[in-house]
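File shown here: target.cif, holding mmCIF, C-alpha atoms.
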data_my_file
loop_
_atom_site.label_atom_id
_atom_site.label_comp_id
_atom_site.auth_asym_id
_atom_site.auth_seq_id
_atom_site.Cartn_x
_atom_site.Cartn_y
_atom_site.Cartn_z
CA MET Y 88 0.00 0.00 0.00
CA ARG Y 89 1.09 3.53 -0.75
CA SER Y 90 0.45 4.65 2.84
CA THR Y 91 2.52 1.79 4.23
CA ARG Y 92 5.44 2.68 1.99
CA LYS Y 93 5.15 6.28 3.21
CA VAL Y 94 5.36 5.39 6.86
CA MET Y 95 8.23 2.99 6.31
CA ARG Y 96 10.21 5.72 4.51
CA ALA Y 97 9.41 8.22 7.25
CA LEU Y 98 10.43 5.86 10.02
CA ALA Y 99 13.58 4.90 8.16
CA VAL Y 100 14.56 8.56 7.83
CA ALA Y 101 13.88 9.21 11.51
CA GLY Y 102 15.78 6.09 12.55
CA ALA Y 103 18.71 6.93 10.32
CA LEU Y 104 18.80 10.46 11.69
CA SER Y 105 18.84 9.18 15.26
CA VAL Y 106 21.69 6.77 14.48
CA ALA Y 107 23.64 9.45 12.67
CA LEU Y 108 23.27 11.86 15.57
CA ALA Y 109 24.46 9.24 18.02
CA ALA Y 110 27.47 8.50 15.82
CA CYS Y 111 28.62 12.14 16.01
CA SER Y 112 29.93 11.69 19.54
CA SER Y 113 33.59 10.77 19.88
CA SER Y 114 32.79 8.69 22.97
CA GLY Y 115 30.27 6.34 21.40
CA GLY Y 116 27.22 8.60 21.43
CA ALA Y 117 26.85 9.28 25.13
CA ASN Y 118 28.52 12.67 25.71
CA GLN Y 119 28.36 16.16 24.26
CA THR Y 120 31.99 17.28 23.89
CA ALA Y 121 33.63 20.54 22.93
CA GLY Y 122 33.75 20.96 19.19
CA ASN Y 123 30.91 18.47 18.65
CA SER Y 124 27.82 20.30 17.45
CA GLY Y 125 25.51 17.27 17.50
CA PRO Y 126 23.01 16.65 20.29
CA ALA Y 127 24.08 14.68 23.37
CA VAL Y 128 22.55 11.20 23.52
CA GLY Y 129 21.81 9.31 26.70
CA GLY Y 130 22.37 10.16 30.33
CA ALA Y 131 26.14 10.54 30.51
CA GLY Y 132 26.60 14.24 29.95
CA GLY Y 133 23.51 15.32 27.99
CA LYS Y 134 20.82 17.55 29.51
CA GLN Y 135 17.79 15.70 30.76
CA TYR Y 136 14.58 17.09 29.27
CA THR Y 137 11.12 16.63 30.77
CA ILE Y 138 8.41 15.63 28.32
CA ALA Y 139 4.72 15.37 29.24
CA MET Y 140 2.55 12.86 27.41
CA VAL Y 141 -1.17 13.49 27.82
CA THR Y 142 -3.65 11.01 26.36
CA HIS Y 143 -7.35 10.21 26.38
CA GLU Y 144 -6.70 6.68 27.67
CA ALA Y 145 -9.81 5.08 29.14
CA PRO Y 146 -9.53 2.74 32.15
CA GLY Y 147 -8.82 -0.88 31.23
CA ASP Y 148 -7.85 -0.26 27.59
CA SER Y 149 -4.71 -2.35 26.95
CA PHE Y 150 -4.01 -0.40 23.74
CA TRP Y 151 -2.32 2.32 25.76
CA ASP Y 152 0.13 -0.13 27.33
CA LYS Y 153 1.86 -0.24 23.94
CA VAL Y 154 1.85 3.54 23.54
CA ARG Y 155 3.44 3.88 26.97
CA ALA Y 156 5.93 1.09 26.28
CA GLY Y 157 7.15 2.88 23.15
CA ALA Y 158 7.32 6.24 24.92
CA GLN Y 159 9.17 4.76 27.88
CA GLU Y 160 11.69 3.03 25.64
CA ALA Y 161 12.46 6.27 23.81
CA ALA Y 162 12.70 8.13 27.12
CA LYS Y 163 15.12 5.52 28.47
CA GLU Y 164 17.33 5.67 25.38
CA LEU Y 165 17.38 9.48 25.30
CA ASN Y 166 17.59 10.29 29.03
CA VAL Y 167 14.15 11.92 29.00
CA ASN Y 168 12.07 12.41 32.14
CA LEU Y 169 8.67 11.22 30.87
CA LYS Y 170 5.54 12.36 32.69
CA TYR Y 171 2.50 10.41 31.54
CA SER Y 172 -1.06 11.39 32.42
CA ASN Y 173 -4.45 10.54 30.99
CA ASN Y 174 -8.17 11.16 31.20
CA ASN Y 175 -10.88 10.15 28.76
CA ASP Y 176 -13.00 13.16 29.71
CA ALA Y 177 -12.23 15.94 27.22
CA GLY Y 178 -12.32 18.75 29.78
CA GLN Y 179 -10.11 16.85 32.21
CA GLN Y 180 -7.61 16.03 29.47
CA ALA Y 181 -7.43 19.72 28.55
CA THR Y 182 -6.73 20.48 32.23
CA LEU Y 183 -3.88 17.96 32.22
CA VAL Y 184 -2.35 19.78 29.23
CA GLN Y 185 -2.64 23.08 31.11
CA ASN Y 186 -1.01 21.47 34.15
CA ALA Y 187 1.92 20.41 31.95
CA ILE Y 188 2.27 23.98 30.67
CA ASP Y 189 2.15 25.37 34.21
CA SER Y 190 4.86 22.94 35.35
CA LYS Y 191 7.11 24.28 32.57
CA VAL Y 192 7.88 20.96 30.89
CA ASP Y 193 10.26 21.04 27.92
CA GLY Y 194 7.88 19.34 25.48
CA ILE Y 195 4.34 18.00 25.24
CA ALA Y 196 2.93 15.04 23.28
CA VAL Y 197 -0.87 15.02 23.19
CA THR Y 198 -3.71 13.06 21.63
CA LEU Y 199 -6.53 15.04 20.03
CA ALA Y 200 -9.44 12.61 20.14
CA TYR Y 201 -11.52 15.55 21.36
CA ALA Y 202 -9.87 18.25 19.29
CA ASN Y 203 -12.40 21.03 19.99
CA GLN Y 204 -11.79 20.82 23.73
CA VAL Y 205 -8.13 19.72 23.95
CA GLY Y 206 -6.79 21.53 20.88
CA PRO Y 207 -7.01 25.04 22.39
CA ALA Y 208 -5.04 23.87 25.44
CA ALA Y 209 -2.37 22.40 23.14
CA GLN Y 210 -2.31 25.70 21.24
CA LYS Y 211 -1.51 27.50 24.49
CA ALA Y 212 1.53 25.25 24.84
CA VAL Y 213 2.68 26.17 21.34
CA GLN Y 214 2.14 29.86 22.07
CA ALA Y 215 4.16 29.49 25.28
CA GLY Y 216 7.10 28.23 23.22
CA ILE Y 217 6.82 24.61 24.35
CA PRO Y 218 7.51 22.16 21.48
CA THR Y 219 4.30 20.18 21.04
CA VAL Y 220 3.46 17.15 18.91
CA ALA Y 221 0.14 15.40 18.35
CA PHE Y 222 -0.20 11.66 17.95
CA ASN Y 223 -2.76 8.87 17.67
CA SER Y 224 -5.81 11.13 17.19
CA GLY Y 225 -6.45 14.44 15.46
CA ILE Y 226 -4.83 13.96 12.06
CA SER Y 227 -7.30 16.41 10.49
CA ASP Y 228 -7.09 18.96 13.29
CA TYR Y 229 -3.57 19.26 14.69
CA GLN Y 230 -2.41 21.98 12.31
CA LYS Y 231 -5.33 24.23 13.33
CA TYR Y 232 -3.65 24.61 16.69
CA GLY Y 233 -0.16 25.40 15.43
CA ILE Y 234 1.21 21.89 16.02
CA SER Y 235 3.82 21.02 13.40
CA MET Y 236 4.24 17.25 13.83
CA TYR Y 237 1.80 14.34 13.97
CA PHE Y 238 2.34 10.58 14.32
CA GLY Y 239 -0.52 8.17 13.72
CA SER Y 240 -2.71 6.34 11.27
CA ASP Y 241 -5.00 7.86 8.67
CA GLU Y 242 -8.17 6.41 10.19
CA ASP Y 243 -10.42 7.20 7.24
CA LEU Y 244 -7.97 5.47 4.89
CA ALA Y 245 -7.69 2.54 7.32
CA GLY Y 246 -11.45 2.14 7.39
CA GLN Y 247 -11.72 2.31 3.62
CA THR Y 248 -9.03 -0.31 3.20
CA ALA Y 249 -10.72 -2.60 5.72
CA GLY Y 250 -14.03 -2.22 3.89
CA THR Y 251 -12.38 -3.04 0.57
CA LYS Y 252 -10.81 -6.16 2.06
CA MET Y 253 -14.13 -7.31 3.50
CA MET Y 254 -15.97 -6.62 0.24
CA ALA Y 255 -13.44 -8.66 -1.70
CA ALA Y 256 -13.99 -11.55 0.72
CA GLY Y 257 -17.72 -11.70 0.04
CA GLY Y 258 -19.42 -8.54 1.29
CA GLY Y 259 -22.73 -8.68 3.13
CA LYS Y 260 -23.52 -6.45 6.11
CA ALA Y 261 -21.09 -4.99 8.63
CA LEU Y 262 -21.70 -3.90 12.20
CA CYS Y 263 -19.16 -1.26 13.27
CA VAL Y 264 -18.91 -1.09 17.07
CA VAL Y 265 -17.98 2.34 18.48
CA GLN Y 266 -16.85 2.03 22.10
CA GLU Y 267 -16.27 5.72 22.88
CA GLN Y 268 -18.90 8.19 21.75
CA GLY Y 269 -17.52 11.43 20.30
CA SER Y 270 -14.01 10.16 19.56
CA VAL Y 271 -13.12 11.58 16.14
CA ALA Y 272 -10.69 8.73 15.38
CA LEU Y 273 -13.26 6.01 16.07
CA GLU Y 274 -15.97 7.76 14.10
CA ALA Y 275 -13.54 8.22 11.20
CA ARG Y 276 -12.80 4.49 11.17
CA CYS Y 277 -16.46 3.53 10.80
CA ALA Y 278 -17.05 6.29 8.25
CA GLY Y 279 -14.13 4.95 6.23
CA VAL Y 280 -15.51 1.40 6.35
CA LYS Y 281 -18.88 2.65 5.13
CA LYS Y 282 -17.30 4.38 2.12
CA THR Y 283 -16.12 1.08 0.64
CA PHE Y 284 -18.57 -1.26 2.42
CA PRO Y 285 -21.83 0.72 2.16
CA ASN Y 286 -24.00 -1.75 4.05
CA THR Y 287 -22.45 -0.79 7.39
CA GLU Y 288 -24.38 0.02 10.56
CA ASN Y 289 -22.80 1.68 13.61
CA LEU Y 290 -23.44 0.34 17.10
CA GLN Y 291 -22.62 2.57 20.10
CA VAL Y 292 -21.41 0.82 23.26
CA ASN Y 293 -19.63 1.77 26.47
CA GLY Y 294 -16.11 0.41 26.12
CA THR Y 295 -15.39 0.73 29.84
CA ASP Y 296 -18.13 -1.85 30.61
CA LEU Y 297 -17.12 -4.98 28.68
CA PRO Y 298 -19.93 -7.23 30.00
CA SER Y 299 -22.42 -4.66 28.69
CA VAL Y 300 -20.55 -4.51 25.36
CA GLN Y 301 -20.78 -8.28 25.08
CA GLN Y 302 -24.50 -8.33 25.83
CA THR Y 303 -25.24 -5.53 23.36
CA ILE Y 304 -23.37 -7.21 20.49
CA ASN Y 305 -24.93 -10.57 21.36
CA ALA Y 306 -28.43 -9.09 21.19
CA LYS Y 307 -27.68 -7.43 17.84
CA LEU Y 308 -26.33 -10.65 16.32
CA GLN Y 309 -29.41 -12.58 17.44
CA GLN Y 310 -31.69 -9.86 16.11
CA ASP Y 311 -30.00 -9.55 12.70
CA PRO Y 312 -28.66 -12.80 11.16
CA SER Y 313 -27.70 -10.94 7.95
CA ILE Y 314 -24.60 -9.48 9.65
CA THR Y 315 -21.50 -11.00 8.03
CA TYR Y 316 -18.83 -8.87 9.74
CA VAL Y 317 -18.48 -7.34 13.19
CA VAL Y 318 -15.89 -4.57 12.97
CA THR Y 319 -14.51 -3.61 16.36
CA LEU Y 320 -12.31 -0.58 16.97
CA GLY Y 321 -10.12 -1.96 19.75
CA ALA Y 322 -8.66 -5.29 20.79
CA PRO Y 323 -10.65 -5.69 24.06
CA ILE Y 324 -13.88 -5.04 22.13
CA ALA Y 325 -12.88 -7.71 19.59
CA LEU Y 326 -12.51 -10.25 22.37
CA ALA Y 327 -15.92 -9.24 23.75
CA ALA Y 328 -17.39 -9.69 20.26
CA LEU Y 329 -15.97 -13.21 20.10
CA GLN Y 330 -17.68 -14.03 23.38
CA SER Y 331 -20.87 -12.46 22.04
CA LYS Y 332 -21.02 -14.93 19.17
CA GLN Y 333 -21.16 -17.87 21.55
CA GLY Y 334 -24.70 -19.13 21.99
CA THR Y 335 -25.88 -17.55 18.75
CA SER Y 336 -26.17 -19.00 15.27
CA SER Y 337 -24.31 -16.02 13.79
CA LYS Y 338 -21.65 -16.75 11.18
CA ALA Y 339 -20.31 -13.20 11.32
CA GLN Y 340 -16.55 -12.82 11.09
CA ILE Y 341 -14.74 -10.61 13.57
CA VAL Y 342 -12.48 -7.89 12.21
CA THR Y 343 -10.72 -5.46 14.52
CA PHE Y 344 -8.64 -2.36 14.62
CA ASP Y 345 -5.59 -2.64 16.87
CA LEU Y 346 -3.84 -5.64 18.32
CA ASN Y 347 -2.88 -7.33 21.56
CA ALA Y 348 -1.46 -10.74 22.46
CA ASP Y 349 -4.89 -12.40 22.74
CA VAL Y 350 -6.12 -10.98 19.43
CA ALA Y 351 -2.87 -12.12 17.78
CA LYS Y 352 -3.54 -15.68 18.98
CA ASP Y 353 -7.12 -15.50 17.71
CA ILE Y 354 -5.89 -14.37 14.30
CA GLN Y 355 -3.47 -17.26 14.35
CA ASN Y 356 -6.22 -19.79 15.11
CA GLY Y 357 -8.70 -18.19 12.70
CA SER Y 358 -11.20 -16.83 15.24
CA ILE Y 359 -10.50 -13.26 14.10
CA ALA Y 360 -10.15 -12.56 10.38
CA PHE Y 361 -7.61 -9.73 10.56
CA SER Y 362 -6.48 -6.64 12.44
CA ILE Y 363 -5.91 -3.14 11.11
CA ASP Y 364 -2.90 -2.13 13.19
CA GLN Y 365 -1.88 1.50 13.74
CA GLN Y 366 1.30 0.44 15.57
CA PRO Y 367 0.82 2.29 18.88
CA TYR Y 368 4.30 1.40 20.15
CA VAL Y 369 5.73 3.37 17.23
CA GLN Y 370 3.40 6.29 17.96
CA GLY Y 371 4.61 6.57 21.56
CA TYR Y 372 8.24 6.11 20.59
CA MET Y 373 8.19 8.64 17.76
CA ALA Y 374 6.30 11.26 19.79
CA VAL Y 375 9.07 11.29 22.43
CA GLN Y 376 11.94 10.91 19.96
CA SER Y 377 10.69 13.73 17.73
CA LEU Y 378 10.39 16.13 20.66
CA TRP Y 379 13.90 15.23 21.81
CA LEU Y 380 15.28 15.81 18.31
CA ASN Y 381 13.49 19.15 18.17
CA LEU Y 382 14.82 20.21 21.57
CA THR Y 383 18.39 19.09 20.93
CA ASN Y 384 18.78 19.69 17.21
CA GLY Y 385 15.88 21.81 15.99
CA ASN Y 386 14.46 19.00 13.86
CA ASP Y 387 10.89 18.77 12.53
CA ILE Y 388 9.82 15.41 11.13
CA GLY Y 389 7.26 14.97 8.38
CA GLY Y 390 7.79 18.09 6.30
CA GLY Y 391 4.54 19.60 7.56
CA LYS Y 392 2.62 16.39 6.81
CA PRO Y 393 1.52 13.64 9.22
CA VAL Y 394 3.89 10.72 9.65
CA LEU Y 395 1.74 7.63 9.13
CA THR Y 396 2.17 4.61 11.39
CA GLY Y 397 -0.68 2.72 9.72
CA PRO Y 398 -2.78 1.12 8.50
CA SER Y 399 -0.70 -2.04 8.74
CA PHE Y 400 -2.65 -5.26 8.28
CA VAL Y 401 -2.11 -8.35 10.42
CA ASP Y 402 -3.68 -11.57 9.14
CA LYS Y 403 -2.86 -15.22 8.46
CA SER Y 404 -0.11 -14.20 6.02
CA ASN Y 405 2.11 -12.50 8.62
CA ILE Y 406 0.76 -13.40 12.07
CA ASP Y 407 3.39 -16.07 12.81
CA LYS Y 408 6.10 -13.41 12.87
CA ILE Y 409 4.08 -10.68 14.57
CA VAL Y 410 2.64 -12.79 17.40
CA THR Y 411 6.06 -12.76 19.11
CA TYR Y 412 6.11 -8.96 19.12
CA ALA Y 413 2.53 -8.84 20.37
CA ASN Y 414 3.52 -11.06 23.30
CA ASN Y 415 6.36 -8.62 24.04
CA ASN Y 416 3.86 -5.71 24.14
CA THR Y 417 5.59 -3.91 21.26
CA ARG Y 418 3.04 -4.71 18.56
#
Could you take the file, read its structure, and then write that structure out as structure tokens?
Amino acid sequence: MRSTRKVMRALAVAGALSVALAACSSSGGANQTAGNSGPAVGGAGGKQYTIAMVTHEAPGDSFWDKVRAGAQEAAKELNVNLKYSNNNDAGQQATLVQNAIDSKVDGIAVTLAYANQVGPAAQKAVQAGIPTVAFNSGISDYQKYGISMYFGSDEDLAGQTAGTKMMAAGGGKALCVVQEQGSVALEARCAGVKKTFPNTENLQVNGTDLPSVQQTINAKLQQDPSITYVVTLGAPIALAALQSKQGTSSKAQIVTFDLNADVAKDIQNGSIAFSIDQQPYVQGYMAVQSLWLNLTNGNDIGGGKPVLTGPSFVDKSNIDKIVTYANNNTR
């Protein structure tokens, strides 16, 4: 896919830049020495920067474990003091961004799932001279608030590609399960699916109450036997959908966005058809790394365009390799 080639090129450039910067040091990349204009890497002599990461993580959503793992790995490699905070209430998330500004952090990485509420707070950070990047959510909105870098998937494109894949496999009717009302990224996914798989119906559920999610999907499958695909927008919801099928006569296939170790095993055994992976580990890693590069070397990544980390498809053709990474919480 064209988008996949884009993200691979972007990540290769960023990785090569990081390696090249590390190689500039005469002592193996750890110290900033006189006469060496490159940024100091690591904790032995380089300044430690404090970076705040503020997300809309909801309680119990394992997706964010991968985001944090990537961010923590980058922070460890680059001697960054990472301060992570989260709230899935838009107003509270905006307050967390303001708290980061007030504490005079060196950089801020923020998700814009609720761009109208959180975006203005992020804009205040930019206006205060704090380097700020957006990631995961807000691909259509981040530039409105003066943010120059974005790392994430094109959710509309991901949805369209998923719909095309499902249509090619036989079509029918899709149920797209939205677990967080008002999230622009989740709504964009279902809208994208509907563009290429027109017979798609959205189902709103409360993703923080998985037993309720399971019951709601179960009732829908029993009510409508014409459903051939259940499209879930997160790995825990996919697992709930699998449980929902039990005790029904539904033949619907489960398709999901995002990945975890259990979903990887279910793809391997055929219980889940495929996953549309946005590679959250990469999002967390690149958000921290890009801020560090900006602070230490004035770099901006992406040339004013979003750096795409997805969609990357995981199915029977590549699951045997990827399941190991999923078990390690990096994929």
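Candidate residues Y:Gly357, Y:Gly178, Y:Gly391, Y:Gly334 were compared for distance to Y:Leu199, and the nearest is Y:Gly178, using only C-alpha atoms.
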**Request:** Could you tell me which residues the PyMOL selection byres ((chain Y and resi 225) around 7) grabs in this file, written as a PyMOL selection string?
**Result:** chain Y and resi 198-200+202+224+226-229
For the residues in that selection, give me C-alpha atoms as a CSV table (one decimal), in the frame of the given file.
chain,number,residue,atom,x,y,z
Y,198,THR,CA,-3.7,13.1,21.6
Y,199,LEU,CA,-6.5,15.0,20.0
Y,200,ALA,CA,-9.4,12.6,20.1
Y,202,ALA,CA,-9.9,18.2,19.3
Y,224,SER,CA,-5.8,11.1,17.2
Y,226,ILE,CA,-4.8,14.0,12.1
Y,227,SER,CA,-7.3,16.4,10.5
Y,228,ASP,CA,-7.1,19.0,13.3
Y,229,TYR,CA,-3.6,19.3,14.7
**Request:** Taking the point (-29.0, -11.2, 16.6) as given in the file, collect each protein or nucleic acid residue that comes within 12 Å of it, counting all atoms listed in the file, and present the set as number ranges by chain.
**Result:** Y: 262, 302-315, 317, 331-339
**Message:** On this structure, the PyMOL selection byres ((chain Y and resi 206-222) around 7) would catch which residues? List them as an MDAnalysis selection string, sorted by chain and number.
**Reply:** chainID Y and resid 181 184:185 188 193:199 202:205 223:224 229 232:239 370 374 378
Please identify every residue of stretch 255-285 of chain Y that has at least one atom no farther than 12 Å from an atom of stretch 140-162 of chain Y, counting all atoms listed in the file, and for each give the shortest atom pair and the distance in Å to one decimal, arranged by chain then increasing number, as a Markdown table.
| residue | atom | partner | partner_atom | distance |
| --- | --- | --- | --- | --- |
| Y:Gln266 | CA | Y:Ala145 | CA | 10.4 |
| Y:Glu267 | CA | Y:Ala145 | CA | 9.0 |
| Y:Gly269 | CA | Y:His143 | CA | 11.9 |
| Y:Ser270 | CA | Y:His143 | CA | 9.5 |
| Y:Val271 | CA | Y:His143 | CA | 11.8 |
| Y:Ala272 | CA | Y:His143 | CA | 11.6 |
File dump, residues just selected, C-alpha atoms, as a compact mmCIF listing (two decimals), in the coordinates of the input:
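Result went into out.txt, see below:
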# COMPACT_ATOMS: atom_id res chain seq x y z
CA GLN Y 266 -16.85 2.03 22.10
CA GLU Y 267 -16.27 5.72 22.88
CA GLY Y 269 -17.52 11.43 20.30
CA SER Y 270 -14.01 10.16 19.56
CA VAL Y 271 -13.12 11.58 16.14
CA ALA Y 272 -10.69 8.73 15.38
**Prompt:** atom CA of Y:Gly258 and atom CA of Y:Leu395 are how many Å apart?
**Reply:**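 Distance reported for this atom pair: 27.8 Å.
If you look at atom CA of Y:Lys352 and atom CA of Y:Val410, they are 7.0 Å away from each other.
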**Request:** May I ask for the distance between atom CA of Y:Asn173 and atom CA of Y:Leu346, given in Å to one decimal place?
**Result:**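 About the pair atom CA of Y:Asn173 and atom CA of Y:Leu346: they are 20.6 Å apart.
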**Item:** Answer key for the PyMOL selection byres ((chain Y and resi 398) around 6), residues as a PyMOL selection string
**Value:** chain Y and resi 240+245+363-365+397+399
**Message:** I'd like the neighbourhood of Y:Leu297 as a ChimeraX atom specification, where a residue qualifies if any of its atoms comes within 9 Å (using all atoms listed in the file), though same-chain residues fewer than 4 positions away should be ignored.
**Reply:** /Y:293,301-302,323-324,327
All residues 7 Å or closer to Y:Leu169, all atoms listed in the file, same chain fewer than 3 positions away omitted, as a PDB file with C-alpha atoms, in the coordinates of the input:
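Written file, result08.pdb:
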ATOM      1  CA  THR Y 137      11.120  16.630  30.770  1.00  0.00           C
ATOM      2  CA  ILE Y 138       8.410  15.630  28.320  1.00  0.00           C
ATOM      3  CA  ALA Y 139       4.720  15.370  29.240  1.00  0.00           C
ATOM      4  CA  ALA Y 162      12.700   8.130  27.120  1.00  0.00           C
TER       5      ALA Y 162
END
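With all atoms listed in the file as the atoms that count, the minimum distance from Y:Thr248 to the choices Y:Arg276, Y:Lys392, Y:Lys134, Y:Arg418 is reached by Y:Arg276.
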**Prompt:** For Y:Thr343, which residue among Y:Asp241, Y:Ile359, Y:Gln366, Y:Ala278 is the nearest when counting all atoms listed in the file?
**Reply:**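 Ranking Y:Asp241, Y:Ile359, Y:Gln366, Y:Ala278 by distance to Y:Thr343, first place goes to Y:Ile359.
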